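Pasting input-v5.txt here (compact mmCIF, C-alpha atoms):
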```txt
# COMPACT_ATOMS: atom_id res chain seq x y z
CA MET H 1 109.70 6.66 7.15
CA PRO H 2 111.40 4.42 4.55
CA ASP H 3 109.33 2.19 2.29
CA ARG H 4 108.88 -1.11 4.14
CA THR H 5 106.43 -2.63 1.65
CA MET H 6 108.93 -4.31 -0.68
CA ALA H 7 108.33 -8.01 -1.13
CA GLY H 8 108.21 -10.60 -3.89
CA VAL H 9 110.57 -11.27 -6.79
CA TYR H 10 113.40 -8.80 -7.44
CA PRO H 11 115.73 -10.26 -10.09
CA ILE H 12 119.22 -8.82 -10.49
CA LEU H 13 119.65 -7.58 -14.05
CA SER H 14 122.33 -8.89 -16.37
CA THR H 15 124.28 -6.19 -18.16
CA PRO H 16 124.50 -6.80 -21.92
CA PHE H 17 128.04 -6.14 -23.16
CA ASP H 18 129.29 -6.48 -26.73
CA SER H 19 132.63 -8.06 -27.66
CA LYS H 20 134.43 -4.77 -26.95
CA GLY H 21 132.91 -4.43 -23.48
CA ARG H 22 130.43 -1.72 -24.43
CA ILE H 23 127.00 -1.69 -22.76
CA VAL H 24 124.17 -2.44 -25.21
CA MET H 25 121.48 -0.10 -23.94
CA ASP H 26 118.70 -1.37 -26.22
CA ASP H 27 119.01 -4.87 -24.77
CA LEU H 28 119.21 -3.50 -21.23
CA ARG H 29 115.94 -1.65 -21.76
CA ARG H 30 114.35 -4.70 -23.39
CA GLN H 31 115.30 -6.74 -20.34
CA VAL H 32 113.52 -4.27 -18.03
CA ASP H 33 110.33 -4.49 -20.11
CA TRP H 34 110.54 -8.28 -20.08
CA MET H 35 110.85 -8.25 -16.29
CA VAL H 36 107.73 -6.09 -16.04
CA ASP H 37 105.85 -8.37 -18.43
CA CYS H 38 106.84 -11.37 -16.30
CA GLY H 39 105.23 -9.77 -13.27
CA VAL H 40 108.27 -9.13 -11.07
CA HIS H 41 107.90 -6.70 -8.20
CA GLY H 42 111.30 -5.04 -8.52
CA ILE H 43 114.72 -5.32 -10.13
CA GLY H 44 118.28 -4.78 -8.97
CA ILE H 45 121.60 -3.58 -10.37
CA ALA H 46 124.20 -5.37 -8.30
CA VAL H 47 127.03 -7.88 -8.25
CA ALA H 48 125.42 -10.21 -10.81
CA SER H 49 125.08 -7.13 -13.06
CA GLU H 50 128.90 -6.79 -12.91
CA VAL H 51 128.41 -3.38 -11.30
CA TYR H 52 131.90 -3.68 -9.81
CA LYS H 53 133.26 -3.53 -13.38
CA PHE H 54 131.43 -0.30 -14.27
CA THR H 55 133.15 3.04 -14.69
CA GLU H 56 131.80 5.98 -12.71
CA SER H 57 129.87 7.28 -15.71
CA GLU H 58 128.50 3.83 -16.53
CA ARG H 59 126.99 3.52 -13.07
CA ASP H 60 124.93 6.63 -13.77
CA GLU H 61 124.18 5.64 -17.36
CA VAL H 62 122.83 2.20 -16.45
CA LEU H 63 120.79 3.35 -13.46
CA ARG H 64 119.34 6.28 -15.39
CA ALA H 65 118.27 3.97 -18.24
CA VAL H 66 116.78 1.35 -15.92
CA VAL H 67 114.81 3.90 -13.89
CA ASP H 68 113.56 5.53 -17.08
CA GLN H 69 112.48 2.20 -18.60
CA ALA H 70 110.87 0.97 -15.40
CA ALA H 71 108.87 4.20 -15.33
CA GLY H 72 107.53 3.55 -11.86
CA ARG H 73 106.04 0.17 -12.81
CA ILE H 74 108.42 -1.74 -10.52
CA LYS H 75 110.94 -0.87 -7.82
CA VAL H 76 114.61 -0.35 -8.67
CA VAL H 77 117.38 -1.28 -6.23
CA MET H 78 120.94 -0.05 -6.83
CA ASN H 79 124.12 -1.48 -5.33
CA THR H 80 126.13 1.43 -3.90
CA GLY H 81 128.69 -0.27 -1.72
CA ALA H 82 132.34 0.76 -1.72
CA GLU H 83 135.47 0.12 0.32
CA GLY H 84 135.37 3.63 1.74
CA THR H 85 132.48 5.21 3.61
CA ASP H 86 132.73 8.53 1.78
CA LEU H 87 132.67 6.82 -1.62
CA ALA H 88 129.69 4.67 -0.61
CA ILE H 89 127.85 7.80 0.53
CA HIS H 90 128.66 9.45 -2.81
CA TYR H 91 127.31 6.45 -4.76
CA SER H 92 124.24 6.25 -2.51
CA ARG H 93 123.31 9.91 -2.80
CA ARG H 94 123.79 9.74 -6.56
CA ALA H 95 121.56 6.66 -6.83
CA GLU H 96 118.84 8.41 -4.87
CA GLU H 97 119.14 11.48 -7.13
CA LEU H 98 118.76 9.27 -10.22
CA GLY H 99 115.57 7.66 -8.93
CA ALA H 100 116.55 4.42 -7.21
CA ASP H 101 113.85 3.21 -4.81
CA ALA H 102 116.32 1.45 -2.52
CA LEU H 103 120.02 0.74 -2.12
CA MET H 104 121.88 -2.51 -1.58
CA ILE H 105 125.23 -2.41 0.20
CA ARG H 106 127.78 -5.02 1.27
CA PRO H 107 130.05 -4.39 4.24
CA THR H 108 133.62 -3.46 3.44
CA SER H 109 135.81 -6.51 2.92
CA PHE H 110 139.07 -5.62 1.13
CA ILE H 111 140.83 -4.84 4.40
CA PRO H 112 139.32 -6.80 7.32
CA THR H 113 137.85 -4.64 10.06
CA VAL H 114 135.84 -5.19 13.21
CA ALA H 115 132.05 -5.51 13.06
CA GLU H 116 131.49 -2.22 14.90
CA GLU H 117 133.29 -0.32 12.13
CA ASN H 118 131.02 -1.83 9.49
CA ILE H 119 127.94 -1.11 11.58
CA ASP H 120 129.12 2.51 11.74
CA TYR H 121 129.72 2.39 7.96
CA PHE H 122 126.10 1.40 7.36
CA GLU H 123 124.78 3.97 9.81
CA ARG H 124 126.70 6.83 8.19
CA ILE H 125 125.35 5.90 4.76
CA ALA H 126 121.81 5.60 6.15
CA ASN H 127 122.12 9.09 7.62
CA ALA H 128 123.06 10.46 4.20
CA VAL H 129 120.00 9.23 2.25
CA SER H 130 116.24 9.01 2.68
CA ILE H 131 115.55 5.68 0.96
CA PRO H 132 115.74 2.16 2.42
CA ILE H 133 118.88 0.04 2.35
CA PHE H 134 119.28 -3.69 1.82
CA LEU H 135 122.19 -4.99 3.86
CA GLN H 136 123.89 -7.56 1.61
CA ASP H 137 125.14 -10.62 3.45
CA GLN H 138 127.54 -12.48 1.12
CA GLY H 139 130.08 -15.19 1.81
CA SER H 140 132.95 -12.82 0.99
CA ALA H 141 131.46 -9.91 2.96
CA THR H 142 129.19 -11.18 5.67
CA VAL H 143 126.48 -9.47 7.69
CA GLY H 144 125.78 -12.00 10.42
CA PRO H 145 122.37 -12.16 12.10
CA ALA H 146 123.51 -10.24 15.19
CA MET H 147 125.19 -7.56 13.07
CA ALA H 148 122.07 -7.19 10.91
CA VAL H 149 119.92 -6.66 13.98
CA ALA H 150 122.41 -4.12 15.37
CA CYS H 151 122.24 -2.19 12.09
CA ALA H 152 118.43 -2.22 12.08
CA ARG H 153 118.42 -0.77 15.57
CA ARG H 154 120.85 1.99 14.60
CA HIS H 155 118.80 3.51 11.78
CA GLU H 156 115.32 3.09 10.30
CA ASN H 157 116.72 3.09 6.75
CA LEU H 158 118.64 -0.12 7.49
CA CYS H 159 115.44 -2.11 7.27
CA TYR H 160 116.12 -4.89 4.72
CA ILE H 161 118.67 -7.68 4.44
CA LYS H 162 119.49 -9.98 1.54
CA VAL H 163 120.72 -13.19 3.16
CA GLU H 164 123.03 -15.20 0.89
CA THR H 165 125.94 -16.40 2.98
CA PRO H 166 125.80 -20.20 2.71
CA PRO H 167 124.22 -22.20 4.14
CA THR H 168 121.36 -19.74 3.70
CA VAL H 169 118.60 -21.85 5.29
CA PRO H 170 119.87 -21.78 8.91
CA ARG H 171 121.20 -18.26 8.32
CA MET H 172 117.71 -17.08 7.39
CA ALA H 173 116.14 -18.82 10.36
CA GLU H 174 118.61 -17.31 12.84
CA THR H 175 118.29 -13.82 11.37
CA HIS H 176 114.51 -14.05 11.52
CA ARG H 177 114.60 -15.19 15.14
CA LEU H 178 116.93 -12.42 16.30
CA ALA H 179 115.18 -9.73 14.23
CA GLU H 180 111.83 -10.12 15.94
CA GLY H 181 110.56 -6.71 16.98
CA THR H 182 113.22 -4.75 15.07
CA GLY H 183 111.34 -4.28 11.81
CA LEU H 184 114.15 -5.90 9.79
CA ILE H 185 112.73 -7.38 6.55
CA LEU H 186 114.34 -10.50 5.07
CA PHE H 187 114.99 -11.38 1.42
CA GLY H 188 116.79 -14.38 -0.01
CA GLY H 189 119.41 -14.34 -2.73
CA ALA H 190 122.10 -16.74 -3.98
CA GLY H 191 120.22 -17.38 -7.21
CA GLY H 192 117.02 -18.42 -5.47
CA ALA H 193 118.31 -21.97 -5.00
CA PHE H 194 116.61 -22.33 -1.60
CA VAL H 195 113.76 -19.88 -2.09
CA LEU H 196 111.00 -22.03 -0.59
CA GLU H 197 113.03 -23.01 2.46
CA GLU H 198 113.78 -19.31 2.94
CA PHE H 199 110.09 -18.37 2.65
CA ARG H 200 109.32 -20.86 5.43
CA ARG H 201 111.92 -19.17 7.62
CA GLY H 202 110.77 -15.60 7.33
CA SER H 203 111.87 -14.36 3.94
CA VAL H 204 109.33 -12.12 2.18
CA GLY H 205 111.11 -12.01 -1.16
CA THR H 206 113.91 -13.29 -3.34
CA MET H 207 116.59 -11.71 -5.52
CA PRO H 208 117.54 -14.36 -8.09
CA GLY H 209 119.46 -13.84 -11.32
CA SER H 210 117.97 -12.44 -14.48
CA THR H 211 117.12 -15.54 -16.48
CA LEU H 212 113.98 -17.04 -14.89
CA PRO H 213 111.82 -14.15 -13.66
CA ASP H 214 108.63 -15.80 -14.93
CA VAL H 215 109.44 -19.02 -13.08
CA PHE H 216 110.12 -17.28 -9.77
CA VAL H 217 106.96 -15.17 -10.12
CA ARG H 218 104.89 -18.32 -10.59
CA VAL H 219 106.54 -19.89 -7.54
CA TRP H 220 105.84 -16.71 -5.54
CA ASP H 221 102.23 -16.53 -6.66
CA LEU H 222 101.59 -20.16 -5.75
CA TRP H 223 103.26 -19.68 -2.37
CA LYS H 224 101.27 -16.53 -1.59
CA SER H 225 98.03 -18.26 -2.55
CA GLY H 226 98.74 -20.97 0.02
CA ASP H 227 99.50 -23.67 -2.56
CA GLU H 228 102.80 -24.86 -1.09
CA LYS H 229 102.76 -28.15 -3.00
CA GLY H 230 102.16 -26.30 -6.24
CA ALA H 231 105.06 -23.96 -5.50
CA GLU H 232 107.31 -26.95 -4.79
CA ALA H 233 106.28 -28.64 -8.03
CA GLU H 234 106.85 -25.48 -10.08
CA PHE H 235 110.27 -24.92 -8.54
CA SER H 236 111.28 -28.56 -8.95
CA ARG H 237 110.56 -28.46 -12.67
CA TYR H 238 113.38 -25.93 -13.12
CA ALA H 239 115.71 -27.17 -10.38
CA THR H 240 118.39 -28.41 -12.80
CA ILE H 241 118.66 -25.00 -14.48
CA ILE H 242 118.65 -23.20 -11.14
CA ARG H 243 121.50 -25.46 -9.99
CA THR H 244 123.43 -24.62 -13.17
CA LEU H 245 122.90 -20.90 -12.55
CA SER H 246 124.24 -21.16 -8.99
CA GLN H 247 127.85 -21.53 -10.17
CA GLY H 248 130.33 -18.89 -9.13
CA GLN H 249 130.44 -15.32 -10.33
CA GLY H 250 132.33 -15.06 -13.57
CA LEU H 251 131.15 -18.33 -15.06
CA SER H 252 127.56 -17.54 -14.16
CA ASN H 253 127.73 -14.15 -15.91
CA TRP H 254 128.32 -15.91 -19.23
CA ILE H 255 125.63 -18.50 -18.47
CA TYR H 256 123.05 -15.84 -17.63
CA LYS H 257 123.66 -14.05 -20.89
CA HIS H 258 123.67 -17.22 -22.98
CA ILE H 259 120.23 -18.03 -21.56
CA MET H 260 119.04 -14.47 -22.16
CA VAL H 261 119.95 -14.94 -25.84
CA ARG H 262 118.30 -18.35 -25.99
CA ARG H 263 115.14 -16.89 -24.43
CA GLY H 264 115.05 -14.07 -27.01
CA ILE H 265 115.86 -11.14 -24.69
CA PHE H 266 119.46 -10.35 -25.71
CA GLU H 267 120.95 -10.31 -29.17
CA PRO H 268 123.87 -12.77 -29.56
CA GLU H 269 126.22 -9.79 -29.92
CA SER H 270 125.24 -8.65 -26.39
CA ALA H 271 126.10 -11.87 -24.56
CA TYR H 272 129.61 -11.07 -23.34
CA ALA H 273 130.86 -10.78 -19.77
CA ARG H 274 133.61 -8.34 -18.94
CA HIS H 275 137.06 -9.71 -18.26
CA PRO H 276 138.11 -11.40 -16.01
CA SER H 277 135.31 -13.95 -16.24
CA LEU H 278 135.62 -17.68 -16.86
CA LYS H 279 133.74 -18.64 -20.03
CA PRO H 280 131.86 -21.96 -20.31
CA ASP H 281 133.07 -24.33 -22.99
CA ASP H 282 130.88 -25.40 -25.92
CA LEU H 283 129.83 -28.64 -24.23
CA HIS H 284 128.62 -26.71 -21.18
CA LEU H 285 126.54 -24.40 -23.37
CA LYS H 286 125.02 -27.37 -25.21
CA GLU H 287 124.09 -28.93 -21.88
CA ILE H 288 122.37 -25.70 -20.86
CA ASP H 289 120.44 -25.66 -24.16
CA MET H 290 119.27 -29.21 -23.47
CA GLN H 291 118.05 -28.17 -20.02
CA LEU H 292 116.18 -25.20 -21.48
CA ASP H 293 114.63 -27.31 -24.22
CA GLU H 294 113.47 -29.92 -21.73
CA VAL H 295 111.32 -27.37 -19.86
CA GLY H 296 110.18 -25.42 -22.93
CA LEU H 297 112.34 -22.32 -22.44
CA LEU H 298 114.51 -22.61 -25.55
CA TRP H 299 113.25 -19.78 -27.74
CA ASN H 300 115.96 -19.71 -30.41
```
Before we go any further, please render this structure as structure tokens.
Amino acid sequence: MPDRTMAGVYPILSTPFDSKGRIVMDDLRRQVDWMVDCGVHGIGIAVASEVYKFTESERDEVLRAVVDQAAGRIKVVMNTGAEGTDLAIHYSRRAEELGADALMIRPTSFIPTVAEENIDYFERIANAVSIPIFLQDQGSATVGPAMAVACARRHENLCYIKVETPPTVPRMAETHRLAEGTGLILFGGAGGAFVLEEFRRGSVGTMPGSTLPDVFVRVWDLWKSGDEKGAEAEFSRYATIIRTLSQGQGLSNWIYKHIMVRRGIFEPESAYARHPSLKPDDLHLKEIDMQLDEVGLLWN
């Protein structure tokens, strides 16, 4: 039986790269410790980590380091999707071997295919591993509510979904309604921009970016304690930064890492995104610093 207890705050790690595109492992490990200290329940290596820009050996290197640093203190989720079923199975089995607690997989999207083929894709991967899988529903590779339910009914390992195809609020509500009785467990994503609305509609967790784990943990704790107004107030205090972080992949990778430097987690030399990736201009970075300073998050 796969682990169905996952819930709470599962930030997606940022990968620290230097100016030559090399992974800075010391900063990656420091980030994991910071996440633990902030009280998160799990972490992920996924699209916001630029996993799609990793070499084969880097996938293993990063996951091995993260699992080692987490040391069982929090769950580790690894993105193992690929455009071919055999390759996705290879990545998934390797992630399980290296200690991942769960997988996260998007449907194939490079060449459009019918839903039944992608349901079969998920089922074949689920048959090849013994750990749970998060179906990843993204705007560029969607897992609609009906498809998610069909996957959950095909295999017990297909028991989580990260809903982030916009608009996520009605998407979450519809998935929750159709999933009743299937055991499918819902998480939010998309930077956590609608985390409270998603909680009200059946989500049991969120997978935001890397920069505000402490904020999202406080929101979660207030929500779980029944203090909905307190959770709203805490979230609202950081809403401007969360809006800034919700910009598209590429630009957001630079923004995440700039904030990680300004919060004292990454060294300035580790704050590069791999090409291609649109870089914010100096004015944009100054505006972000002003936002951080306003809420007391500007460390350096």
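Comparing H:Ile265, H:Ala115, H:Ala233, H:Ile12 by their smallest distance to Asp26 in chain H, the closest is H:Ile265 (using all atoms listed in the file).
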query: Near Ser252 in chain H, counting only C-alpha atoms, which residues have an atom at most 9 Å away, once you skip same-chain residues fewer than 3 positions from it, shown as a PyMOL selection string?
result: chain H and resi 48+244-249+255-257+277-280
What's the 9 Å shell around Lys75 in chain H, counting all atoms listed in the file, without same-chain residues fewer than 2 positions away, as a compact mmCIF listing (two decimals) with C-alpha atoms, keeping the file's coordinate frame?
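Listed below is the output, selection39.txt:
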```txt
# COMPACT_ATOMS: atom_id res chain seq x y z
CA MET H 6 108.93 -4.31 -0.68
CA TYR H 10 113.40 -8.80 -7.44
CA HIS H 41 107.90 -6.70 -8.20
CA GLY H 42 111.30 -5.04 -8.52
CA ILE H 43 114.72 -5.32 -10.13
CA GLY H 44 118.28 -4.78 -8.97
CA VAL H 67 114.81 3.90 -13.89
CA ALA H 70 110.87 0.97 -15.40
CA GLY H 72 107.53 3.55 -11.86
CA ARG H 73 106.04 0.17 -12.81
CA VAL H 77 117.38 -1.28 -6.23
CA ALA H 100 116.55 4.42 -7.21
CA ASP H 101 113.85 3.21 -4.81
CA ALA H 102 116.32 1.45 -2.52
```
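With all atoms listed in the file as the atoms that count, the residue of H:Lys162, H:Lys229, H:Arg218, H:Arg124 with the shortest distance to Thr206 in chain H is H:Lys162.
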- request: Give the answer as one residue: which of H:Glu174, H:Asp37, H:Glu232, H:Asp137 has the shortest atom-to-atom distance to Ile161 in chain H, using all atoms listed in the file?
  value: H:Asp137
statement: Computed gap from CA of Ala128 in chain H to CA of Arg93 in chain H is 7.0 Å
task: For each of H:Arg153, H:Arg59, H:His90, H:Arg29, take the minimum atom-to-atom distance to Ile125 in chain H, counting all atoms listed in the file, then give the residue where this is smallest.
output: H:His90
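Using only C-alpha atoms for every distance, the candidate list H:Ala273, H:Leu28, H:Ala152, H:Ile89 yields H:Ala273 as the residue closest to Lys53 in chain H.
The spacing separating CA of Leu184 in chain H from CA of Phe134 in chain H amounts to 9.7 Å.
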field: Nearest-residue call for Phe17 in chain H, choices H:Ile242, H:Ala271, H:Val204, H:Ala193, using all atoms listed in the file
entry: H:Ala271
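CA of Leu251 in chain H to CA of Thr113 in chain H spans 29.4 Å [interatomic distance, one decimal].
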- request: Fewer than 2 positions away in the same chain doesn't count, so skip those; otherwise give me all residues within 9 Å of Val143 in chain H, counting only C-alpha atoms, as a ChimeraX atom specification.
  value: /H:106-107,115,135-139,141,145-148,161,163,165
All residues 7 Å or closer to Val217 in chain H, all atoms listed in the file, same chain fewer than 6 positions away omitted, as an MDAnalysis selection string: chainID H and resid 9 39:40
